[in-house]
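Undergrad: Okay, so here is final.txt, and as you'll see once you scroll down, it has compact mmCIF, C-alpha atoms.
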```txt
# COMPACT_ATOMS: atom_id res chain seq x y z
CA MET W 1 33.85 2.60 21.48
CA ARG W 2 34.49 -0.79 19.90
CA TRP W 3 31.01 -1.96 20.88
CA LEU W 4 29.55 1.24 19.43
CA LYS W 5 31.38 0.75 16.14
CA ARG W 6 30.26 -2.87 15.86
CA ASN W 7 26.61 -2.01 16.52
CA LEU W 8 26.44 1.39 14.84
CA VAL W 9 24.26 0.16 11.97
CA VAL W 10 21.88 -1.60 14.37
CA LEU W 11 21.59 1.49 16.56
CA ALA W 12 20.98 3.71 13.55
CA GLY W 13 18.27 1.34 12.36
CA LEU W 14 16.59 1.27 15.77
CA LEU W 15 16.68 5.07 16.04
CA THR W 16 15.18 5.41 12.57
CA LEU W 17 12.48 2.88 13.39
CA GLY W 18 11.70 4.71 16.64
CA TYR W 19 11.49 8.01 14.78
CA LEU W 20 8.95 6.48 12.39
CA ILE W 21 6.88 4.87 15.16
CA VAL W 22 6.68 7.90 17.48
CA PRO W 23 3.91 9.64 15.44
CA ASN W 24 1.85 6.44 15.54
CA ILE W 25 2.28 6.28 19.31
CA VAL W 26 1.08 9.89 19.58
CA VAL W 27 -1.98 9.03 17.50
CA LEU W 28 -2.64 6.01 19.75
CA VAL W 29 -2.35 8.05 22.96
CA PHE W 30 -4.61 10.84 21.73
CA SER W 31 -7.25 8.33 20.64
CA PHE W 32 -7.98 7.98 24.37
CA ASN W 33 -8.16 11.73 24.93
CA LYS W 34 -11.27 13.75 25.75
CA PRO W 35 -10.53 17.21 24.37
CA ALA W 36 -12.13 20.29 25.85
CA GLY W 37 -12.71 21.94 22.46
CA ARG W 38 -12.96 20.95 18.84
CA PHE W 39 -9.26 20.26 18.33
CA ASN W 40 -7.57 17.15 19.70
CA TYR W 41 -4.12 18.70 20.04
CA SER W 42 -3.59 18.87 23.80
CA TRP W 43 -4.15 16.20 26.45
CA GLN W 44 -7.10 16.75 28.76
CA GLU W 45 -8.28 13.50 30.34
CA PHE W 46 -8.39 9.78 29.64
CA SER W 47 -11.55 8.52 27.95
CA THR W 48 -12.66 5.54 25.86
CA ASP W 49 -15.68 7.30 24.39
CA ALA W 50 -14.17 7.48 20.90
CA TRP W 51 -13.34 3.76 20.90
CA THR W 52 -16.85 2.79 21.99
CA ASP W 53 -18.40 5.00 19.28
CA PRO W 54 -15.94 5.19 16.35
CA CYS W 55 -18.71 6.25 13.95
CA GLY W 56 -19.94 9.03 16.21
CA VAL W 57 -18.85 11.68 13.71
CA ALA W 58 -21.23 12.19 10.80
CA ASP W 59 -20.09 10.81 7.43
CA MET W 60 -16.74 9.60 8.75
CA CYS W 61 -17.41 5.87 8.54
CA GLY W 62 -19.05 6.38 5.15
CA SER W 63 -15.89 8.01 3.79
CA LEU W 64 -13.80 5.27 5.41
CA ALA W 65 -15.85 2.54 3.74
CA LEU W 66 -15.53 4.34 0.41
CA SER W 67 -11.73 4.61 0.76
CA LEU W 68 -11.47 0.91 1.64
CA GLN W 69 -13.64 -0.03 -1.33
CA ILE W 70 -11.61 2.08 -3.77
CA ALA W 71 -8.32 0.81 -2.33
CA LEU W 72 -9.47 -2.81 -2.64
CA TRP W 73 -10.57 -2.56 -6.27
CA ALA W 74 -7.56 -0.43 -7.23
CA THR W 75 -5.28 -3.00 -5.61
CA ILE W 76 -6.89 -5.87 -7.49
CA GLY W 77 -6.69 -4.04 -10.82
CA ALA W 78 -3.14 -2.77 -10.33
CA THR W 79 -1.92 -6.16 -9.06
CA VAL W 80 -3.35 -8.17 -11.95
CA LEU W 81 -2.18 -5.72 -14.63
CA GLY W 82 1.14 -5.04 -12.91
CA ALA W 83 1.99 -8.74 -12.53
CA MET W 84 1.30 -9.41 -16.20
CA ILE W 85 3.35 -6.38 -17.27
CA ALA W 86 6.24 -7.46 -15.03
CA PHE W 87 6.29 -10.98 -16.47
CA ALA W 88 6.12 -9.60 -20.01
CA LEU W 89 9.02 -7.19 -19.43
CA VAL W 90 11.24 -9.86 -17.89
CA ARG W 91 10.39 -12.94 -19.97
CA TYR W 92 9.88 -11.53 -23.48
CA ARG W 93 11.88 -9.44 -25.94
CA PHE W 94 9.91 -7.01 -28.09
CA ARG W 95 10.21 -3.60 -29.66
CA ALA W 96 10.08 -0.57 -27.36
CA ARG W 97 10.77 -2.80 -24.36
CA GLY W 98 13.39 -0.39 -23.05
CA THR W 99 11.07 2.57 -23.56
CA ILE W 100 8.28 0.87 -21.64
CA ASN W 101 10.71 0.04 -18.83
CA SER W 102 11.55 3.73 -18.60
CA LEU W 103 7.92 4.84 -18.78
CA ILE W 104 7.02 2.54 -15.89
CA PHE W 105 9.05 4.74 -13.55
CA LEU W 106 7.40 8.00 -14.63
CA PRO W 107 4.41 7.84 -12.22
CA MET W 108 6.84 7.09 -9.38
CA ALA W 109 9.15 9.99 -10.23
CA MET W 110 6.50 12.49 -11.33
CA PRO W 111 5.06 14.88 -8.70
CA GLU W 112 1.55 13.81 -7.75
CA VAL W 113 0.09 17.23 -8.51
CA VAL W 114 1.28 16.94 -12.14
CA MET W 115 -0.29 13.50 -12.55
CA ALA W 116 -3.47 14.66 -10.81
CA ALA W 117 -3.85 17.67 -13.10
CA SER W 118 -3.13 15.53 -16.18
CA LEU W 119 -5.76 12.96 -15.23
CA LEU W 120 -8.28 15.71 -14.50
CA THR W 121 -7.64 17.22 -17.93
CA LEU W 122 -8.11 13.81 -19.55
CA PHE W 123 -11.40 13.14 -17.76
CA LEU W 124 -12.76 16.61 -18.55
CA ASN W 125 -11.84 16.32 -22.25
CA LEU W 126 -13.56 12.93 -22.42
CA GLY W 127 -16.63 14.33 -20.68
CA VAL W 128 -16.41 11.83 -17.84
CA GLN W 129 -18.27 12.77 -14.67
CA LEU W 130 -15.92 12.99 -11.71
CA GLY W 131 -16.66 10.61 -8.86
CA PHE W 132 -16.05 7.04 -7.74
CA TRP W 133 -14.95 5.68 -11.13
CA THR W 134 -12.52 8.49 -11.91
CA ILE W 135 -10.89 8.02 -8.50
CA LEU W 136 -10.65 4.26 -9.08
CA ILE W 137 -9.09 4.69 -12.53
CA ALA W 138 -6.62 7.27 -11.22
CA HIS W 139 -5.60 5.11 -8.26
CA THR W 140 -5.15 2.04 -10.43
CA MET W 141 -2.94 3.98 -12.82
CA PHE W 142 -0.53 5.40 -10.26
CA CYS W 143 -0.40 2.17 -8.21
CA LEU W 144 0.44 0.15 -11.32
CA SER W 145 4.08 1.26 -11.47
CA PHE W 146 4.77 0.25 -7.86
CA VAL W 147 3.32 -3.22 -8.45
CA VAL W 148 5.35 -3.68 -11.64
CA VAL W 149 8.59 -2.76 -9.88
CA ALA W 150 7.92 -5.10 -6.93
CA VAL W 151 6.90 -8.08 -9.08
CA LYS W 152 9.62 -7.47 -11.66
CA ALA W 153 12.34 -7.62 -9.01
CA ARG W 154 10.99 -10.98 -7.83
CA VAL W 155 10.63 -12.45 -11.31
CA MET W 156 14.17 -11.43 -12.27
CA SER W 157 15.54 -13.36 -9.29
CA MET W 158 13.69 -16.56 -10.19
CA ASP W 159 15.74 -19.57 -11.26
CA PRO W 160 14.48 -20.67 -14.72
CA ARG W 161 15.80 -24.17 -14.10
CA LEU W 162 12.90 -24.82 -11.73
CA GLU W 163 10.39 -24.27 -14.51
CA GLU W 164 12.51 -26.34 -16.89
CA ALA W 165 12.49 -29.17 -14.34
CA ALA W 166 8.70 -28.99 -14.14
CA ARG W 167 8.43 -29.24 -17.93
CA ASP W 168 10.84 -32.17 -17.92
CA LEU W 169 8.43 -33.89 -15.54
CA TYR W 170 5.66 -33.49 -18.15
CA ALA W 171 3.94 -30.53 -16.50
CA GLY W 172 1.91 -28.42 -18.92
CA PRO W 173 2.22 -24.64 -19.22
CA PHE W 174 -0.67 -24.03 -16.81
CA GLN W 175 0.60 -26.58 -14.26
CA THR W 176 4.10 -25.10 -14.43
CA PHE W 177 2.78 -21.60 -13.86
CA TRP W 178 0.34 -22.58 -11.11
CA ARG W 179 2.61 -24.93 -9.14
CA VAL W 180 6.07 -23.42 -9.73
CA THR W 181 6.08 -19.90 -11.17
CA LEU W 182 3.23 -18.36 -9.21
CA PRO W 183 4.32 -19.64 -5.75
CA ILE W 184 7.84 -18.30 -6.32
CA ALA W 185 6.54 -14.92 -7.54
CA ALA W 186 3.88 -14.74 -4.81
CA PRO W 187 5.98 -12.73 -2.28
CA GLY W 188 6.65 -10.03 -4.87
CA ILE W 189 3.00 -9.95 -5.92
CA ALA W 190 1.88 -9.75 -2.29
CA ALA W 191 4.36 -6.94 -1.59
CA GLY W 192 3.13 -5.00 -4.61
CA ALA W 193 -0.50 -5.52 -3.60
CA MET W 194 0.10 -4.32 -0.04
CA LEU W 195 1.98 -1.27 -1.30
CA ALA W 196 -0.79 -0.48 -3.79
CA PHE W 197 -3.47 -0.76 -1.10
CA ALA W 198 -1.56 1.55 1.26
CA LEU W 199 -0.90 4.12 -1.47
CA SER W 200 -4.51 4.12 -2.65
CA PHE W 201 -6.03 4.36 0.81
CA ASP W 202 -3.65 7.15 1.83
CA ASP W 203 -3.78 9.26 -1.34
CA PHE W 204 -5.11 12.81 -1.11
CA ILE W 205 -3.69 14.94 -3.95
CA ILE W 206 -4.78 12.82 -6.93
CA THR W 207 -8.09 12.04 -5.23
CA ASN W 208 -8.78 15.70 -4.50
CA PHE W 209 -8.35 16.62 -8.16
CA ASN W 210 -10.50 13.81 -9.57
CA SER W 211 -13.14 13.18 -6.90
CA GLY W 212 -15.83 15.70 -7.76
CA SER W 213 -18.25 15.64 -4.84
CA THR W 214 -17.05 12.22 -3.61
CA VAL W 215 -15.36 12.34 -0.20
CA THR W 216 -12.80 9.71 0.77
CA PHE W 217 -11.33 9.29 4.25
CA PRO W 218 -8.15 11.37 3.62
CA MET W 219 -10.34 14.16 2.22
CA PHE W 220 -12.61 13.90 5.26
CA VAL W 221 -9.61 14.22 7.57
CA TRP W 222 -8.35 17.25 5.65
CA GLY W 223 -11.77 18.88 5.78
CA SER W 224 -12.17 18.13 9.48
CA ALA W 225 -8.80 19.72 10.24
CA GLN W 226 -10.22 23.06 9.09
CA ARG W 227 -12.95 23.15 11.72
CA GLY W 228 -11.89 20.56 14.30
CA THR W 229 -10.24 17.16 14.65
CA PRO W 230 -12.53 14.55 16.21
CA VAL W 231 -10.89 11.87 18.35
CA GLN W 232 -12.45 9.20 16.14
CA ILE W 233 -9.88 10.05 13.46
CA ASN W 234 -7.15 8.91 15.85
CA VAL W 235 -9.13 5.74 16.53
CA ILE W 236 -9.34 4.87 12.84
CA GLY W 237 -5.67 5.69 12.34
CA THR W 238 -4.65 3.49 15.27
CA ALA W 239 -6.81 0.62 14.06
CA MET W 240 -5.32 0.79 10.55
CA PHE W 241 -1.79 0.86 11.97
CA VAL W 242 -2.43 -2.16 14.21
CA ILE W 243 -4.00 -4.11 11.33
CA ALA W 244 -1.03 -3.33 9.07
CA VAL W 245 1.43 -4.49 11.75
CA LEU W 246 -0.54 -7.70 12.31
CA VAL W 247 -0.58 -8.45 8.57
CA VAL W 248 3.19 -7.96 8.31
CA VAL W 249 3.86 -10.06 11.41
CA ALA W 250 1.55 -12.82 10.17
CA GLY W 251 3.25 -12.82 6.77
CA GLN W 252 6.68 -13.03 8.36
CA ALA W 253 5.56 -15.86 10.64
CA ILE W 254 4.17 -17.84 7.70
CA SER W 255 7.37 -17.28 5.73
CA ASN W 256 9.53 -18.46 8.64
CA ARG W 257 7.37 -21.54 9.11
CA ARG W 258 7.68 -22.45 5.44
CA GLN W 259 11.45 -22.01 5.55
CA LYS W 260 11.71 -24.27 8.60
CA SER W 261 9.50 -26.92 7.01
CA ALA W 262 11.65 -26.83 3.87
CA LEU W 263 14.82 -27.59 5.81
CA PRO W 264 15.93 -31.25 5.76
CA LYS W 265 15.19 -33.10 8.98
```
Output the file's structure as structure tokens, nothing else.

TA:
Amino acid sequence: MRWLKRNLVVLAGLLTLGYLIVPNIVVLVFSFNKPAGRFNYSWQEFSTDAWTDPCGVADMCGSLALSLQIALWATIGATVLGAMIAFALVRYRFRARGTINSLIFLPMAMPEVVMAASLLTLFLNLGVQLGFWTILIAHTMFCLSFVVVAVKARVMSMDPRLEEAARDLYAGPFQTFWRVTLPIAAPGIAAGAMLAFALSFDDFIITNFNSGSTVTFPMFVWGSAQRGTPVQINVIGTAMFVIAVLVVVAGQAISNRRQKSALPK
């Protein structure tokens, strides 16, 4: 019982992590399945056909490429704007600063269906044709808040004495920002960018309202579920999961290496 009490938090964390990973393992296993019918819900026999032909389903890879393109541009836009907003909210004092801080959290707290309907109303009133650009604008807008929160937390924890030391050593404003401020804020910016990319690529509700006839990968998956679930969907899901894990592991390895190199020898 003493051992259990000492390691209760660790065990709870491992159980939670296992609970989150189990669905991904199921997706991985069923990516090697050869279903008898249209639905890939029950195991039949082992096969690598889906992995050798991931684009075997019509329009699937096209929708995947479109989702990746939208997620990339939305991430760039949200990261640049969000980083600037975060620095402005932390470093400067101006009127309505508190109000803007509160408004930043609205897209995070608001139900997606409300935001989706509001954006659709805006686009229709402006006479904008629904499609790629409306999806991109919508994704950039709702990803912006998550980037601001991530970068803001990092900027608030920065030690201003480091920038003061750089200025004392005759570094200009650009040199101080490029060599001191940006490297320190980089982990928060990277975290916000990764979160924005994941949210944009995964979004269905806001995209469904503002897509018109444009079909992204989540919409393709939803449409396929009505008439059948091809195994290639599991292949794409597994590949995205593995890539995400590799990115996180690589980032952690780089961070550990930098910390070790910074230690005095």

Undergrad: Write out as a list in words each polymer residue whose atoms come within 12 Å of region 243-256 of chain W, counting only C-alpha atoms; drop sequence neighbours fewer than 6 positions from it.

TA: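 Using only C-alpha atoms, the neighbours found are Ile21, Asn24, Ala186, Pro187, Ala190, Ala191, Met194, Leu195, Phe197, Ala198, Ile236, Gly237, Ala262 and Leu263 of chain W.
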
Undergrad: Put those residues in a file: C-alpha atoms, as a compact mmCIF listing (two decimals), keeping the file's coordinate frame.

TA:
```txt
# COMPACT_ATOMS: atom_id res chain seq x y z
CA ILE W 21 6.88 4.87 15.16
CA ASN W 24 1.85 6.44 15.54
CA ALA W 186 3.88 -14.74 -4.81
CA PRO W 187 5.98 -12.73 -2.28
CA ALA W 190 1.88 -9.75 -2.29
CA ALA W 191 4.36 -6.94 -1.59
CA MET W 194 0.10 -4.32 -0.04
CA LEU W 195 1.98 -1.27 -1.30
CA PHE W 197 -3.47 -0.76 -1.10
CA ALA W 198 -1.56 1.55 1.26
CA ILE W 236 -9.34 4.87 12.84
CA GLY W 237 -5.67 5.69 12.34
CA ALA W 262 11.65 -26.83 3.87
CA LEU W 263 14.82 -27.59 5.81
```

Undergrad: Could you tell me how far CA of Ala116 (chain W) lies from CA of Ile206 (chain W), in Å and to one decimal?

TA: 4.5 Å

Undergrad: Using all atoms listed in the file, which of the listed residues (W:Leu89, W:Gly18, W:Glu163, W:Gly98) sits closest to Gln175 (chain W)?

TA: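 When distances to Gln175 (chain W) are compared using all atoms listed in the file, the smallest one comes from W:Glu163.
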
Undergrad: With only C-alpha atoms as the basis for distance, which of W:Val148, W:Met141, W:Leu122, W:Val26 is at the shortest distance from Ala88 (chain W)?

TA: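 Nearest candidate to Ala88 (chain W) out of W:Val148, W:Met141, W:Leu122, W:Val26: W:Val148.
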
Undergrad: Name all residues at most 8 Å from Phe123 (chain W) (count all atoms listed in the file; drop same-chain ones fewer than 6 positions away) and give them as a short mmCIF file (atom, residue, chain, number, x, y, z; two decimals) with C-alpha atoms, in the frame of the given file.

TA:
```cif
data_model
loop_
_atom_site.label_atom_id
_atom_site.label_comp_id
_atom_site.auth_asym_id
_atom_site.auth_seq_id
_atom_site.Cartn_x
_atom_site.Cartn_y
_atom_site.Cartn_z
CA GLN W 129 -18.27 12.77 -14.67
CA LEU W 130 -15.92 12.99 -11.71
CA THR W 134 -12.52 8.49 -11.91
#
```

Undergrad: How far is it from CA of Arg91 (chain W) to CA of Ala185 (chain W), in Å with one decimal?

TA: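 Separating CA of Arg91 (chain W) from CA of Ala185 (chain W) is a distance of 13.2 Å.
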
Undergrad: Taking the point (-13.7, 3.1, 4.1) as given in the file, collect each protein or nucleic acid residue that comes within 12 Å of it, counting all atoms listed in the file, and present the set as a tab-separated table (two decimals) with C-alpha atoms, in the frame of the given file.

TA:
```tsv
chain	number	residue	atom	x	y	z
W	55	CYS	CA	-18.71	6.25	13.95
W	59	ASP	CA	-20.09	10.81	7.43
W	60	MET	CA	-16.74	9.60	8.75
W	61	CYS	CA	-17.41	5.87	8.54
W	62	GLY	CA	-19.05	6.38	5.15
W	63	SER	CA	-15.89	8.01	3.79
W	64	LEU	CA	-13.80	5.27	5.41
W	65	ALA	CA	-15.85	2.54	3.74
W	66	LEU	CA	-15.53	4.34	0.41
W	67	SER	CA	-11.73	4.61	0.76
W	68	LEU	CA	-11.47	0.91	1.64
W	69	GLN	CA	-13.64	-0.03	-1.33
W	70	ILE	CA	-11.61	2.08	-3.77
W	71	ALA	CA	-8.32	0.81	-2.33
W	72	LEU	CA	-9.47	-2.81	-2.64
W	200	SER	CA	-4.51	4.12	-2.65
W	201	PHE	CA	-6.03	4.36	0.81
W	202	ASP	CA	-3.65	7.15	1.83
W	215	VAL	CA	-15.36	12.34	-0.20
W	216	THR	CA	-12.80	9.71	0.77
W	217	PHE	CA	-11.33	9.29	4.25
W	218	PRO	CA	-8.15	11.37	3.62
W	219	MET	CA	-10.34	14.16	2.22
W	220	PHE	CA	-12.61	13.90	5.26
W	236	ILE	CA	-9.34	4.87	12.84
W	237	GLY	CA	-5.67	5.69	12.34
W	240	MET	CA	-5.32	0.79	10.55
```

Undergrad: Looking at only C-alpha atoms, which of W:Val113, W:Phe94, W:Ser102, W:Ala86 is the one that sits closest to Val151 (chain W)?

TA: W:Ala86

Undergrad: Between CA of Phe142 (chain W) and CA of Leu182 (chain W), what is the spacing in Å?

TA: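 Going from CA of Leu182 (chain W) over to CA of Phe142 (chain W) covers 24.1 Å.
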
Undergrad: Taking into account all atoms listed in the file, which residue in the set W:Ala74, W:Phe30, W:Leu120, W:Val22 is nearest to Ser42 (chain W)?

TA: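 Comparing W:Ala74, W:Phe30, W:Leu120, W:Val22 against Ser42 (chain W), the winner is W:Phe30.
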
Undergrad: Grab all the atoms of region 136-140 of chain W that the file lists, wrap them in a box along x, y and z, add 5 Å per side, and give me centre plus edge lengths in Å (one decimal) as JSON.

TA:
```
{"center_x": -7.9, "center_y": 4.7, "center_z": -10.4, "size_x": 15.5, "size_y": 15.2, "size_z": 14.3}
```

Undergrad: Using only C-alpha atoms, which residues sit within 9 Å of region 43-52 of chain W once same-chain residues fewer than 4 positions away are excluded, as a PyMOL selection string?

TA: chain W and resi 30-36+56+230-235

Undergrad: From the set W:Leu103, W:Leu28, W:Val149, W:Val128, which residue has the shortest atom-to-atom contact distance to Thr238 (chain W), counting only C-alpha atoms?

TA: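 For Thr238 (chain W), the nearest of the given residues is W:Leu28.
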